[in-house]
Every structure is written in C-alpha cells, then in structure tokens.
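Single-structure report; data block below.
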Amino acid sequence: MNGTLADARRWAEGFAPLSPALEGVETIVCAPTLHLPLLHASLPESVRLGAEDVSAYTNGAHTGDVSAAMLADAGVDWVIVGHSERRAEAGDTDERVLEKARRAAEAGLRTILCVGETLGERRAGSTEAVLERQLVSILQGLEPGELAAVAYEPVWAIGTGEAASPETAQEVAAHLRALVARHWGEEVAARLPVLYGGSVNEKNAAQFFACPDIDGALVGGASLDPERFGLIAKALKARH
C-alpha cells in the first residue's frame, strides 16, 4: 500500500530502460489495484502485471472486493494469494486462500501462493507443520496447473531487514517441493517455481538464487525502487 498514480508512473518510467537487459527472466510487477490500469499501459510488454490480492467470490454483493474477472479485464496475468499480511490483517484462513486461488484459476490468472511461519511458530519448532498445513490445503483443493508458483515468506523476516539464511531458505524450499511431489508427482514438483520472499535485496539475492530449489524471489520493500528491483532480476539472470 504505497504510492500515488504519479509514483506508479515514475516507477514504470524508471524500470522501462532496465527491462531489455532482463530478457529470459520472468518479471512480474504486483501493484495496488488502483495502479494496475496505468501500469498495464506503461510497462514494457515483457513485464507481466500482477495483483496483490483477489476476491474469494466470483461476483455479486461483496462491497469493496475485486473479482478475478475484473483483474483479468484490467490486463492482469498474475495474482498473489495467502500473503502473510492478508492472513494476519484481513483474517484470510487457509480455506479462504483456497477459494481465492480457485477464483483466480477460473479466470485464467496465474497464482502465486504465499506460505510462511511467524517468529513464535519458528521458535516452537513448528515451521514444517505450519508450511505443510498452508500448502497441502491448496494442493488438495486445486488441480496441477492451477498453481503457478509457491513463495516462502518467513513472517519474521518481512520488513525487518533480517533475511533467512540461504541454508534455511533452501531447506524450506526443498521441503515445499517435496510436499508438491507427494501430492502432484515429481514431474509437476520439478516444474513448479519456488520463490523466496523475506527482506530480499540486491545485496543478498544472488545467495538465494544459488540455492538449487529457489527459482526466484518475491520482493517486498526493495521493489519500491525500480533500479534495486532491476538489480535483483539481473542477479537471477546471472544464475542462468
């Protein structure tokens, strides 16, 4: 929840010159709903547009909600569901996250599912159990192909400047991929991108991208600066 339309326009203008150097990297910009039409018209075609949330309902009397069909009509290709802030601040349960993912799939949107544990859950040693509950509830309710990516976002690292270690991130990413393999098979699990999100920046991104089970990043605060965001994307391109 940052910026005005003028800020969004400046961001697009700042990022446009950087995009040609990112060929081969799937770059997605997820923005506040009011900024999406402007960004759809302003971003280079190589950059995909994403929404930060979506309604669990198809249409009707749900004041304040934005449906998946509305997002698709505005030029959106991707959507985030289950972000920790939506879970904590808006009360999104695993069941609600599943319904949002279903609505997104019905509208042809590609879904990024966020999963992650709080500091208290981590200290209690329940990280794997929390992640399994969050992910498996989705895997059991969708068909292979209806989920486009999984993002591990340790809640204790978001906005704190304290990222998980690459070793921890890799361990969790491997665990998530194993869960996908258990439910959808090894072939699907091998293709499904697993992202890391938790104080990712241009200085530490390469360390995460060196991990075999981390395919990209869900970038938070560092993405507010188009140059920093571009440097993170360049770090991913260098891996390939």
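By convention in this document, the chains of the structure tokens carry letters A, B, ... by their order, each chain's residues are numbered from 1, and ligands are numbered from 1 in the order they are shown.
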Can you list every residue of range 38-73 of chain A that has an atom at most 10 Å from range 84-97 of chain A, with its nearest atom pair and the distance in Å to one decimal, using only C-alpha atoms, ordered by chain then number, as a tab-separated table?
```
residue	atom	partner	partner_atom	distance
A:Glu52	CA	A:Arg86	CA	9.5
A:Asp53	CA	A:Arg86	CA	8.2
A:Val54	CA	A:Val97	CA	9.5
A:Ser55	CA	A:Arg96	CA	9.2
A:Ala56	CA	A:Arg96	CA	6.6
A:Tyr57	CA	A:Arg96	CA	9.9
```
Margin query: Using DSSP secondary structure from the backbone, list all strand (DSSP E) positions within range 107-167 of chain A, as a ChimeraX atom specification.
Written below: /A:110-115,149-152
Next, dump the selected residues to file, keeping only N, CA and C atoms, as a short mmCIF file (atom, residue, chain, number, x, y, z; two decimals), in the first residue's frame.
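As a result, part10.cif now contains:
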```
data_model
loop_
_atom_site.label_atom_id
_atom_site.label_comp_id
_atom_site.auth_asym_id
_atom_site.auth_seq_id
_atom_site.Cartn_x
_atom_site.Cartn_y
_atom_site.Cartn_z
N ARG A 110 -2.64 -16.56 -13.20
CA ARG A 110 -1.58 -17.42 -12.66
C ARG A 110 -1.36 -17.01 -11.21
N THR A 111 -1.40 -17.99 -10.32
CA THR A 111 -1.43 -17.71 -8.89
C THR A 111 -0.09 -17.99 -8.22
N ILE A 112 0.34 -17.03 -7.40
CA ILE A 112 1.48 -17.21 -6.50
C ILE A 112 0.91 -17.41 -5.10
N LEU A 113 1.15 -18.58 -4.52
CA LEU A 113 0.70 -18.86 -3.16
C LEU A 113 1.82 -18.54 -2.18
N CYS A 114 1.52 -17.71 -1.19
CA CYS A 114 2.50 -17.40 -0.14
C CYS A 114 2.26 -18.29 1.08
N VAL A 115 3.33 -18.83 1.60
CA VAL A 115 3.28 -19.60 2.84
C VAL A 115 4.43 -19.15 3.72
N ALA A 149 3.10 -20.77 -8.81
CA ALA A 149 4.33 -20.62 -8.03
C ALA A 149 3.99 -20.66 -6.55
N VAL A 150 4.97 -21.08 -5.75
CA VAL A 150 4.86 -21.04 -4.29
C VAL A 150 5.96 -20.13 -3.77
N ALA A 151 5.61 -19.22 -2.88
CA ALA A 151 6.59 -18.30 -2.30
C ALA A 151 6.70 -18.54 -0.81
N TYR A 152 7.92 -18.82 -0.36
CA TYR A 152 8.17 -18.94 1.08
C TYR A 152 8.51 -17.57 1.62
#
```
Notebook entry, point to check: How many Å lie between CA of Glu99 in chain A and CA of Leu142 in chain A, rounded to one decimal?
Noted result: 9.7 Å
Notebook entry, point to check: Neighbours of Phe229 in chain A within 12 Å (only C-alpha atoms; same-chain residues fewer than 2 positions away dropped), as a PyMOL selection string?
Noted result: chain A and resi 11-12+14-16+18-19+22+27-29+200-203+205+217-227+231-236
Using the selection just defined, write its residues with C-alpha atoms as an mmCIF file, in the first residue's frame.
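Contents of the output file out19.cif:
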```
data_model
loop_
_atom_site.group_PDB
_atom_site.id
_atom_site.type_symbol
_atom_site.label_atom_id
_atom_site.label_comp_id
_atom_site.auth_asym_id
_atom_site.auth_seq_id
_atom_site.Cartn_x
_atom_site.Cartn_y
_atom_site.Cartn_z
ATOM 1 C CA TRP A 11 8.288 3.664 -11.346
ATOM 2 C CA ALA A 12 7.314 2.391 -14.786
ATOM 3 C CA GLY A 14 12.377 4.191 -14.293
ATOM 4 C CA PHE A 15 12.087 0.472 -14.926
ATOM 5 C CA ALA A 16 11.470 0.573 -18.687
ATOM 6 C CA LEU A 18 16.227 -1.719 -17.466
ATOM 7 C CA SER A 19 13.883 -4.318 -18.917
ATOM 8 C CA LEU A 22 16.376 -8.839 -18.249
ATOM 9 C CA THR A 27 9.442 -10.353 -14.334
ATOM 10 C CA ILE A 28 6.132 -9.661 -12.622
ATOM 11 C CA VAL A 29 5.071 -6.387 -11.032
ATOM 12 C CA VAL A 200 15.333 -9.871 -0.346
ATOM 13 C CA ASN A 201 17.523 -7.113 -1.749
ATOM 14 C CA GLU A 202 20.163 -6.502 -4.391
ATOM 15 C CA LYS A 203 22.942 -7.433 -1.945
ATOM 16 C CA ALA A 205 19.636 -12.013 -3.842
ATOM 17 C CA ALA A 217 12.138 -14.030 -5.367
ATOM 18 C CA LEU A 218 9.024 -12.344 -4.058
ATOM 19 C CA VAL A 219 10.487 -8.889 -3.493
ATOM 20 C CA GLY A 220 8.997 -6.519 -0.931
ATOM 21 C CA GLY A 221 10.478 -3.195 0.155
ATOM 22 C CA ALA A 222 13.378 -3.313 -2.299
ATOM 23 C CA SER A 223 10.912 -3.368 -5.203
ATOM 24 C CA LEU A 224 9.792 0.195 -4.463
ATOM 25 C CA ASP A 225 12.986 1.343 -6.185
ATOM 26 C CA PRO A 226 12.961 0.206 -9.843
ATOM 27 C CA GLU A 227 16.755 0.179 -10.024
ATOM 28 C CA LEU A 231 19.455 -5.464 -9.914
ATOM 29 C CA ILE A 232 17.678 -8.343 -8.172
ATOM 30 C CA ALA A 233 16.326 -9.546 -11.516
ATOM 31 C CA LYS A 234 19.817 -9.283 -13.009
ATOM 32 C CA ALA A 235 21.124 -11.494 -10.196
ATOM 33 C CA LEU A 236 18.583 -14.149 -11.211
#
```
Note to self: With only C-alpha atoms as the counted atoms, please give the residues lying no more than 12 Å from Arg177 in chain A, apart from itself and same-chain residues fewer than 6 positions off, as a list in words.
What the structure shows: Leu131, Glu132, Leu135, Val136, Leu139, Ala149, Val150, Ala151, Tyr152, Gln170, Glu171, His183, Trp184, Gly185, Glu186, Glu187, Val188, Ala189, Ala190, Arg191, Leu192, Pro193, Val194, Leu195, Pro212, Asp213, Ile214 and Asp215 of chain A
Selected residues, N, CA, C and O atoms, written as a compact mmCIF listing (two decimals), in the first residue's frame, please.
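Heads up, here's the output in selection09.txt:
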```txt
# COMPACT_ATOMS: atom_id res chain seq x y z
N LEU A 131 3.89 -24.84 7.43
CA LEU A 131 4.01 -24.77 5.98
C LEU A 131 3.23 -25.90 5.31
O LEU A 131 2.59 -25.70 4.28
N GLU A 132 3.28 -27.08 5.91
CA GLU A 132 2.54 -28.21 5.33
C GLU A 132 1.05 -27.94 5.36
O GLU A 132 0.34 -28.21 4.38
N LEU A 135 0.24 -25.24 2.64
CA LEU A 135 0.41 -25.67 1.25
C LEU A 135 -0.51 -26.83 0.89
O LEU A 135 -1.15 -26.80 -0.17
N VAL A 136 -0.60 -27.83 1.75
CA VAL A 136 -1.38 -29.02 1.41
C VAL A 136 -2.86 -28.69 1.25
O VAL A 136 -3.56 -29.28 0.40
N LEU A 139 -3.02 -27.70 -2.31
CA LEU A 139 -2.76 -28.80 -3.24
C LEU A 139 -3.94 -29.76 -3.31
O LEU A 139 -4.23 -30.31 -4.38
N ALA A 149 3.10 -20.77 -8.81
CA ALA A 149 4.33 -20.62 -8.03
C ALA A 149 3.99 -20.66 -6.55
O ALA A 149 2.87 -20.33 -6.14
N VAL A 150 4.97 -21.08 -5.75
CA VAL A 150 4.86 -21.04 -4.29
C VAL A 150 5.96 -20.13 -3.77
O VAL A 150 7.12 -20.25 -4.19
N ALA A 151 5.61 -19.22 -2.88
CA ALA A 151 6.59 -18.30 -2.30
C ALA A 151 6.70 -18.54 -0.81
O ALA A 151 5.69 -18.46 -0.09
N TYR A 152 7.92 -18.82 -0.36
CA TYR A 152 8.17 -18.94 1.08
C TYR A 152 8.51 -17.57 1.62
O TYR A 152 9.52 -16.99 1.24
N GLN A 170 16.84 -22.66 1.54
CA GLN A 170 16.96 -23.85 0.70
C GLN A 170 16.28 -25.05 1.37
O GLN A 170 15.57 -25.81 0.70
N GLU A 171 16.48 -25.20 2.65
CA GLU A 171 15.87 -26.32 3.36
C GLU A 171 14.35 -26.26 3.27
O GLU A 171 13.69 -27.28 3.01
N HIS A 183 1.93 -34.88 -3.54
CA HIS A 183 0.52 -34.73 -3.91
C HIS A 183 0.30 -34.68 -5.41
O HIS A 183 -0.73 -35.16 -5.91
N TRP A 184 1.24 -34.09 -6.14
CA TRP A 184 1.04 -33.89 -7.58
C TRP A 184 2.08 -34.61 -8.44
O TRP A 184 2.00 -34.52 -9.66
N GLY A 185 3.04 -35.26 -7.81
CA GLY A 185 4.02 -36.01 -8.58
C GLY A 185 5.32 -35.26 -8.78
O GLY A 185 5.37 -34.03 -8.73
N GLU A 186 6.38 -36.02 -9.03
CA GLU A 186 7.72 -35.45 -9.17
C GLU A 186 7.82 -34.50 -10.36
O GLU A 186 8.50 -33.47 -10.28
N GLU A 187 7.18 -34.84 -11.46
CA GLU A 187 7.31 -34.01 -12.66
C GLU A 187 6.74 -32.62 -12.44
O GLU A 187 7.36 -31.61 -12.80
N VAL A 188 5.56 -32.54 -11.82
CA VAL A 188 4.95 -31.24 -11.53
C VAL A 188 5.81 -30.48 -10.53
O VAL A 188 6.04 -29.28 -10.69
N ALA A 189 6.28 -31.17 -9.51
CA ALA A 189 7.10 -30.51 -8.48
C ALA A 189 8.38 -29.94 -9.07
O ALA A 189 8.82 -28.85 -8.66
N ALA A 190 8.96 -30.63 -10.01
CA ALA A 190 10.21 -30.15 -10.61
C ALA A 190 9.98 -28.88 -11.42
O ALA A 190 10.88 -28.03 -11.52
N ARG A 191 8.79 -28.72 -12.00
CA ARG A 191 8.50 -27.56 -12.85
C ARG A 191 7.98 -26.36 -12.06
O ARG A 191 8.08 -25.23 -12.53
N LEU A 192 7.40 -26.60 -10.89
CA LEU A 192 6.75 -25.53 -10.15
C LEU A 192 7.79 -24.59 -9.53
O LEU A 192 8.60 -25.01 -8.72
N PRO A 193 7.78 -23.31 -9.89
CA PRO A 193 8.75 -22.38 -9.30
C PRO A 193 8.51 -22.19 -7.80
O PRO A 193 7.37 -22.02 -7.35
N VAL A 194 9.59 -22.25 -7.05
CA VAL A 194 9.56 -21.93 -5.62
C VAL A 194 10.36 -20.65 -5.42
O VAL A 194 11.52 -20.56 -5.83
N LEU A 195 9.73 -19.65 -4.83
CA LEU A 195 10.33 -18.34 -4.64
C LEU A 195 10.67 -18.12 -3.16
O LEU A 195 10.04 -18.71 -2.28
N PRO A 212 19.65 -24.58 -5.00
CA PRO A 212 19.09 -25.37 -6.10
C PRO A 212 17.57 -25.40 -6.16
O PRO A 212 17.00 -25.58 -7.24
N ASP A 213 16.89 -25.20 -5.03
CA ASP A 213 15.43 -25.27 -5.04
C ASP A 213 14.75 -23.92 -5.00
O ASP A 213 13.53 -23.84 -4.87
N ILE A 214 15.52 -22.84 -5.13
CA ILE A 214 14.94 -21.50 -5.16
C ILE A 214 15.04 -20.95 -6.58
O ILE A 214 16.13 -20.80 -7.12
N ASP A 215 13.89 -20.68 -7.17
CA ASP A 215 13.81 -20.30 -8.59
C ASP A 215 13.62 -18.82 -8.81
O ASP A 215 13.63 -18.36 -9.97
```
Checklist line | Point-to-point distance from CA of Leu43 in chain A to CA of Glu13 in chain A, Å rounded to tenths | finding: 7.9 Å
Next item on the list: Take CA of His83 in chain A and CA of Glu23 in chain A and report the distance between them in Å, one decimal.
Entry: 27.6 Å
Note to self: Residues of range 20-229 of chain A classed as helix (DSSP H, G or I) by DSSP on the backbone are to be reported as a PyMOL selection string.
What the structure shows: chain A and resi 20-22+33-42+68-73+84-89+94-106+119-123+127-139+155-157+166-184+186-191+205-209+221-224+226-229
Checklist line | Non-local contacts of Pro166 in chain A (8 Å; only C-alpha atoms; under 4 positions in same chain excluded) as a ChimeraX atom specification | finding: /A:170,207-208,211
Within 7 Å of Ile158 in chain A, counting only C-alpha atoms, which residues show up once you throw out same-chain ones fewer than 4 positions away? Write them as a PDB file with N, CA, C and O atoms, in the first residue's frame, please.
```
ATOM      1  N   PRO A 154       9.095 -16.108   5.222  1.00  0.00           N
ATOM      2  CA  PRO A 154       9.145 -16.180   6.686  1.00  0.00           C
ATOM      3  C   PRO A 154       8.642 -14.878   7.285  1.00  0.00           C
ATOM      4  O   PRO A 154       9.231 -13.825   7.050  1.00  0.00           O
ATOM      5  N   GLY A 198      11.528 -12.463   1.758  1.00  0.00           N
ATOM      6  CA  GLY A 198      11.727 -12.073   3.146  1.00  0.00           C
ATOM      7  C   GLY A 198      12.956 -11.200   3.242  1.00  0.00           C
ATOM      8  O   GLY A 198      14.055 -11.702   3.447  1.00  0.00           O
ATOM      9  N   SER A 199      12.781  -9.896   3.056  1.00  0.00           N
ATOM     10  CA  SER A 199      13.902  -8.945   3.060  1.00  0.00           C
ATOM     11  C   SER A 199      14.928  -9.274   1.985  1.00  0.00           C
ATOM     12  O   SER A 199      16.136  -9.186   2.202  1.00  0.00           O
TER      13      SER A 199
END
```
Check: Using only C-alpha atoms, which residue out of A:Leu179, A:Ala206, A:Ala31, A:Leu5 lies closest to Lys237 in chain A?
Finding: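 Nearest to Lys237 in chain A: A:Ala206.
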